[in-house]
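J.: Structure below; questions to follow.
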Amino acid sequence: MLSVLVLLVAVLASPPWAGTAGAAARTTAEDAAAAVEDAAAAVEAVATAEAGRAVGHAAGRPARVVVVGVPGLLWSDLDPRRTPNLWKTAGSGGAASLSTRANPPRGRGFICPVEGWLTFSAGQRAGTPAMDCALPAQPRASGAQVPGWADLVSFNAGTSYEPVLGQLGQLVADSGGKTAAAGPGAALGAADRSGRVAAYAETVEGLGDLAPYRLVVVEAGDLARAWLRPAPGTGGPPGAPGGQEEDPDGPGERARDAAVAGIDRQVGAVLDRLPPDSALLIAGLSDASGVAHLHVAMASGPSPDGTPYPRGLLTAASTRQDGLVTTTDLTATAIALLGLHAPKGVVGRAWTGVPSDEPTAAVVAGLARENTASRVVNRVRGPFFGGFVAVQILFYLLAAAAFRRGWGGVRALASVRAVAVVGGSIAVATFLAQLVPWWAFPVPMAGVVLTILGIACAVTAVAFAGPWRAHVLGPPTAVAAVTSLTLLADVVTGSTLQVNAVTGYEPVAGGRFYGFGNIAFAVYSAGTIIALAGIAQWLTARGRPRLAWAVCALYGALAVFADGWPGWGADFGGVPAFLTGLAVFLILLAGRRVSVAKLALAGLAGVALIGAIAVADWSRPAERRTHLGAFVQQVLDGEAATVVARKFTAMVGITVGNWPLTLLTLVALAFLFLVLARPSRWGAPALGRAYAAAPALRAGLIGALTCALIGFLMNDSGIAIPAMALTVAVPLTLAACVHALRPAPPTTPERPSAPAGTTAPPAA
């Protein structure tokens with residue numbers, strides 16, 4: 001089976017190629033007289049600008065890139081009358097929601113303006129040590145040094161992401177180009193690795209002609225300034241550390257409208273001075289309130305491939321979602337537009353256009369809805385999981401009473417079976433709920449609960465609708481098959497069901513945008529193995545055990561491959577866990593014992609498979625690699641230990657910190673082994689009776705539990721993986737156990753008989 005999978009990898013892998021880019025150093029005569037130096041600088045600026053135009057036109061790329069940072073700007077802020085310049089830009093090129101992924105301190109979920117600018121500068125998540133936000137500090141002169149640069153570099157060098165601040169500005173300088181910045185935030189984004197900016201002004205008007213520059217960065221920070229207003233009594237100028245106070249809700253409505261209008265005027269000033277051979281990028285680099293949002297991203301003019309950005313949406317290989325890009329993608333886009341080679345520290349991918357005929361109003365409204373959905377998911381996720389855990393634990397307690405005490409009799413058992421099938425359907429229903437705009441309901445929490453419950457009941461109805469309902473594994477197999485096929489189809493078609501799902505990705509956080517998330521993997525793997533157990537039992541009962549094993553091996557191989565292949569699941573830690581669990585299932589299904597040697601061999605096969613997939617991904621061009629290929633490069637560069645340590649820390653933190661899921665895992669396992677696997681009021685152990693009626697269930701359950709355990713150890717989501725796997729496996733096993741018990745009446749203790757009389761002869 002492993003050889004077949006590796007062969008598929010070899011066939012689907014793309015041939016490698018690599019791009020190169022040259023760099024030239026620029027020197028100046030330090031001891032020249034001031035007048036001569038100024039004249040030489042002027043001549044050099046003109047020559048650089050002309051060379052940039054020639055290179056840009058020769059390659060179909062722009063002569064310069066102009067980036068306008070608009071921290072805090074939302075798509076809902078745009079209006080054709082109040083923001084005509086932004087509206088015009090959105091309708092003339094590509095538009096997307098921007099995930100402002102950075103590296104804020106632990107415990108703060110939103111991004112400060114300085115963190116957004118530094119992330120753009122480095123092309124990697126960057127942060128600041130302060131829990132509170134502050135405006136960027138003001139440089140003091142043209143060609144100035146960014147204040148506090150050395151401290152920012154020192155702090156970020158000690159973080160797990162190790163961003164290289166000044167990466168973008170240094171690339172431009174090393175290529176012989178000049179950078180210019182308008183505004184203190186722009187200085188952070190345009191500075192080279194020493195923290196210096198070649199040309200600086202307060203506004204874009206102060207920069208004069210933009211033609212001599214290869215990279216121009218402009219800050220339109222009205223919303224950030226309205227949010228971080230000077231603290232009463234400080235007397236400090238805006239931008240002075242400690243001189244601001246945060247309004248958790250952001251600027252008020254009138255202040256926000258005024259700030260947005262001010263941003264639009266600054267964008268208009270940029271458009272008025274924009275040379276015709278320029279690419280324009282606009283990005284809302286950070287939040288402007290104590291709540292995280294998705295922000296605006298726009299691109300117009302030439303794209304990296306030389307053609308103009310089409311009217312419609314933007315996407316990037318880092319997200320694979322139309323209308324969704326990240327801050328690190330902005331850096332990669334600027335580098336690609338300038339025809340430079342992105343160093344390994346830049347983790348984003350260049351923006352590309354997705355043509356659309358929708359009017360501007362529809363595009364803007366759709367992107368605004370995506371932000372609303374993301375915000376609602378962020379708000380309801382915690383309460384949803386809290387209620388989900390509480391309801392499951394309560395159900396296990398009531399089911400235990402029905403088993404151990406016989407409460408409710410046969411009718412109670414029938415109800416337990418139905419509710420168990422509904423419970424096993426909840427996990428897949430959380431993804432199918434994305435087919436309904438539940439987040440737009442007047443009460444979103446009620447909307448998501450009712451939507452998920454309604455879909456789970458529909459899946460349950462299907463499970464009990466066919467002739468398979470009379471079999472001990474019939475309804476559980478139907479639910480598990482729907483779970484497996486739904487998530488398989490989702491990753492093959494772009495993973496859209498996982499975006500903004502309560503158990504899926506959260507674009508605002510920017511942890512993952514495509515493929516199998518860890519929770520989705522847990523649900524998918526458990527559903528797949530339980531479904532295969534039911535199919536194997538059906539075929540074996542008809543005298544086809546070899547066919548049953550072959551079908552399970554083939555579909556299982558496809559499921560594992562889909563989990564790991566970069567174009568679909570792109571799941572590194574899931575493949576070894578899934579393949580090991582599948583191997584345990586197949587060994588037991590064949591009637592063999594699982595030895596330590598076989599278990600180790602299966603684990604090594606899983607590692608070899610994901611290794612082969614990752615190497616195949618790494619062999620592709622750098623801009624087309626997923627995180628699988630990026631990890632291979634990190635191994636080669638000696639940086640893998642940092643990544644593994646960060647993942648391990650996250651796994652421990654989630655396991656220790658997420659006590660509801662830890663409690664759910666313990667209660668589910670206790671119910672499985674202390675209630676179902678022990679004699680009850682109904683006689684023999686329910687799990688034993690289910691195994692007797694459907695021997696394949698034992699193989700499937702053990703395989704699913706093995707996969708969940710190894711997944712817990714190999715993924716950064718920790719306890720969330722076994723918790724969600726058990727959410728599928730235990731209720732469906734319970735449904736099978738109830739069906740196996742129903743033919744037998746409950747056992748009742750008989751009244752003790754009277755003591756037997758003596759049979760000895762009477763005494764003489």
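Identifiers in this document derive from the order of the structure tokens: chains are assigned A, B, ..., residues are numbered from 1 separately in each chain, and ligands are numbered from 1 in order of occurrence.
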DSSP on the backbone, then: every residue of range 188-303 of chain A marked strand (DSSP E or B), written as an MDAnalysis selection string.
T.: chainID A and resid 196 199:201 215:219 228:230 244:246 278:283 295:300 302
J.: Give me, as a PyMOL selection string, all polymer residues having an atom no more than 10 Å from Leu450 in chain A, counting only C-alpha atoms and skipping those fewer than 6 positions away in the same chain.
T.: chain A and resi 433+438+444+456
J.: Give me the residues within 8 Å of Ser92 in chain A as a compact mmCIF listing (two decimals) with N, CA and C atoms, in the first residue's frame, counting only C-alpha atoms and dropping any in the same chain fewer than 5 places off.
T.:
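The resulting file, around05.txt, is reproduced below:
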# COMPACT_ATOMS: atom_id res chain seq x y z
N SER A 300 -3.79 47.54 -8.00
CA SER A 300 -4.08 48.00 -9.35
C SER A 300 -2.77 48.26 -10.07
N PRO A 310 -6.53 42.18 -12.89
CA PRO A 310 -7.89 42.25 -13.43
C PRO A 310 -8.87 42.77 -12.39
N ARG A 311 -9.95 43.29 -12.87
CA ARG A 311 -11.03 43.72 -11.99
C ARG A 311 -11.68 42.49 -11.37
J.: Just how far from CA of Leu663 in chain A is CA of Gly386 in chain A, in Å to one decimal?
T.: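 It comes out at 11.1 Å.
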J.: Can you pull out the residues contacting Thr333 in chain A? Cut-off 9 Å, using only C-alpha atoms, and skip same-chain residues under 6 positions away; I want them as a PDB file with all heavy atoms, in the first residue's frame.
T.:
ATOM      1  N   LEU A 281      -0.538  49.264  -4.307  1.00  0.00           N
ATOM      2  CA  LEU A 281      -1.046  48.285  -3.350  1.00  0.00           C
ATOM      3  C   LEU A 281      -1.568  49.039  -2.127  1.00  0.00           C
ATOM      4  O   LEU A 281      -0.869  49.901  -1.588  1.00  0.00           O
ATOM      5  CB  LEU A 281       0.060  47.312  -2.923  1.00  0.00           C
ATOM      6  CG  LEU A 281       0.843  46.613  -4.039  1.00  0.00           C
ATOM      7  CD1 LEU A 281       1.971  45.782  -3.449  1.00  0.00           C
ATOM      8  CD2 LEU A 281      -0.086  45.741  -4.875  1.00  0.00           C
ATOM      9  N   SER A 303       0.713  43.474 -12.555  1.00  0.00           N
ATOM     10  CA  SER A 303       0.855  42.383 -11.605  1.00  0.00           C
ATOM     11  C   SER A 303       2.221  41.748 -11.782  1.00  0.00           C
ATOM     12  O   SER A 303       2.953  42.087 -12.722  1.00  0.00           O
ATOM     13  CB  SER A 303      -0.252  41.347 -11.817  1.00  0.00           C
ATOM     14  OG  SER A 303      -0.098  40.723 -13.080  1.00  0.00           O
ATOM     15  N   PRO A 304       2.623  40.819 -10.910  1.00  0.00           N
ATOM     16  CA  PRO A 304       3.954  40.211 -11.055  1.00  0.00           C
ATOM     17  C   PRO A 304       4.204  39.524 -12.391  1.00  0.00           C
ATOM     18  O   PRO A 304       5.356  39.427 -12.817  1.00  0.00           O
ATOM     19  CB  PRO A 304       3.994  39.207  -9.892  1.00  0.00           C
ATOM     20  CG  PRO A 304       3.113  39.811  -8.858  1.00  0.00           C
ATOM     21  CD  PRO A 304       1.996  40.454  -9.633  1.00  0.00           C
ATOM     22  N   GLY A 348       5.399  34.848   2.675  1.00  0.00           N
ATOM     23  CA  GLY A 348       4.171  35.057   1.927  1.00  0.00           C
ATOM     24  C   GLY A 348       4.307  34.668   0.470  1.00  0.00           C
ATOM     25  O   GLY A 348       5.370  34.259  -0.002  1.00  0.00           O
ATOM     26  N   ARG A 349       3.215  34.803  -0.250  1.00  0.00           N
ATOM     27  CA  ARG A 349       3.163  34.540  -1.682  1.00  0.00           C
ATOM     28  C   ARG A 349       2.508  35.743  -2.368  1.00  0.00           C
ATOM     29  O   ARG A 349       1.627  36.396  -1.807  1.00  0.00           O
ATOM     30  CB  ARG A 349       2.361  33.267  -1.986  1.00  0.00           C
ATOM     31  CG  ARG A 349       2.952  32.013  -1.356  1.00  0.00           C
ATOM     32  CD  ARG A 349       4.279  31.639  -1.990  1.00  0.00           C
ATOM     33  NE  ARG A 349       4.827  30.395  -1.460  1.00  0.00           N
ATOM     34  CZ  ARG A 349       5.712  30.318  -0.468  1.00  0.00           C
ATOM     35  NH1 ARG A 349       6.144  31.429   0.116  1.00  0.00           N
ATOM     36  NH2 ARG A 349       6.159  29.148  -0.057  1.00  0.00           N
ATOM     37  N   ALA A 350       2.919  36.011  -3.589  1.00  0.00           N
ATOM     38  CA  ALA A 350       2.453  37.201  -4.287  1.00  0.00           C
ATOM     39  C   ALA A 350       0.958  37.138  -4.575  1.00  0.00           C
ATOM     40  O   ALA A 350       0.400  36.070  -4.844  1.00  0.00           O
ATOM     41  CB  ALA A 350       3.232  37.381  -5.591  1.00  0.00           C
ATOM     42  N   TRP A 351       0.317  38.323  -4.520  1.00  0.00           N
ATOM     43  CA  TRP A 351      -1.092  38.424  -4.859  1.00  0.00           C
ATOM     44  C   TRP A 351      -1.290  38.164  -6.356  1.00  0.00           C
ATOM     45  O   TRP A 351      -0.529  38.656  -7.189  1.00  0.00           O
ATOM     46  CB  TRP A 351      -1.629  39.813  -4.544  1.00  0.00           C
ATOM     47  CG  TRP A 351      -1.606  40.186  -3.092  1.00  0.00           C
ATOM     48  CD1 TRP A 351      -1.298  39.380  -2.038  1.00  0.00           C
ATOM     49  CD2 TRP A 351      -1.899  41.471  -2.546  1.00  0.00           C
ATOM     50  NE1 TRP A 351      -1.386  40.074  -0.863  1.00  0.00           N
ATOM     51  CE2 TRP A 351      -1.756  41.364  -1.147  1.00  0.00           C
ATOM     52  CE3 TRP A 351      -2.262  42.693  -3.088  1.00  0.00           C
ATOM     53  CZ2 TRP A 351      -1.961  42.446  -0.285  1.00  0.00           C
ATOM     54  CZ3 TRP A 351      -2.476  43.772  -2.235  1.00  0.00           C
ATOM     55  CH2 TRP A 351      -2.335  43.647  -0.858  1.00  0.00           C
ATOM     56  N   THR A 352      -2.319  37.431  -6.679  1.00  0.00           N
ATOM     57  CA  THR A 352      -2.716  37.220  -8.069  1.00  0.00           C
ATOM     58  C   THR A 352      -4.184  37.578  -8.216  1.00  0.00           C
ATOM     59  O   THR A 352      -4.949  37.555  -7.243  1.00  0.00           O
ATOM     60  CB  THR A 352      -2.482  35.770  -8.512  1.00  0.00           C
ATOM     61  OG1 THR A 352      -3.198  34.885  -7.628  1.00  0.00           O
ATOM     62  CG2 THR A 352      -1.001  35.423  -8.470  1.00  0.00           C
TER      63      THR A 352
END
J.: Using only C-alpha atoms, which of the listed residues (A:Phe572, A:Phe712, A:Phe585, A:Trp659) sits closest to Gly700 in chain A?
T.: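 Closest candidate: A:Phe585.
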J.: As a list in words, please: the residues near Leu599 in chain A (cut-off 10 Å, only C-alpha atoms, same-chain neighbours under 4 positions excluded).
T.: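 Counting only C-alpha atoms, the residues come to Thr580, Gly581, Ala583, Val584, Ile587, Val594, Ser595, Gly603, Leu604, Ala605 and Thr706 of chain A.
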J.: May I have the residues within 12 Å of Gly208 in chain A as a ChimeraX atom specification, using only C-alpha atoms and disregarding those fewer than 4 positions away in the same chain?
T.: /A:180-182,199-204,212-213,216,269-270,272-275
J.: Which residue, A:His739, A:Arg256, A:Arg320, A:Arg225, has the smallest gap to Arg82 in chain A when you use only C-alpha atoms?
T.: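 Ranking A:His739, A:Arg256, A:Arg320, A:Arg225 by distance to Arg82 in chain A, first place goes to A:Arg256.
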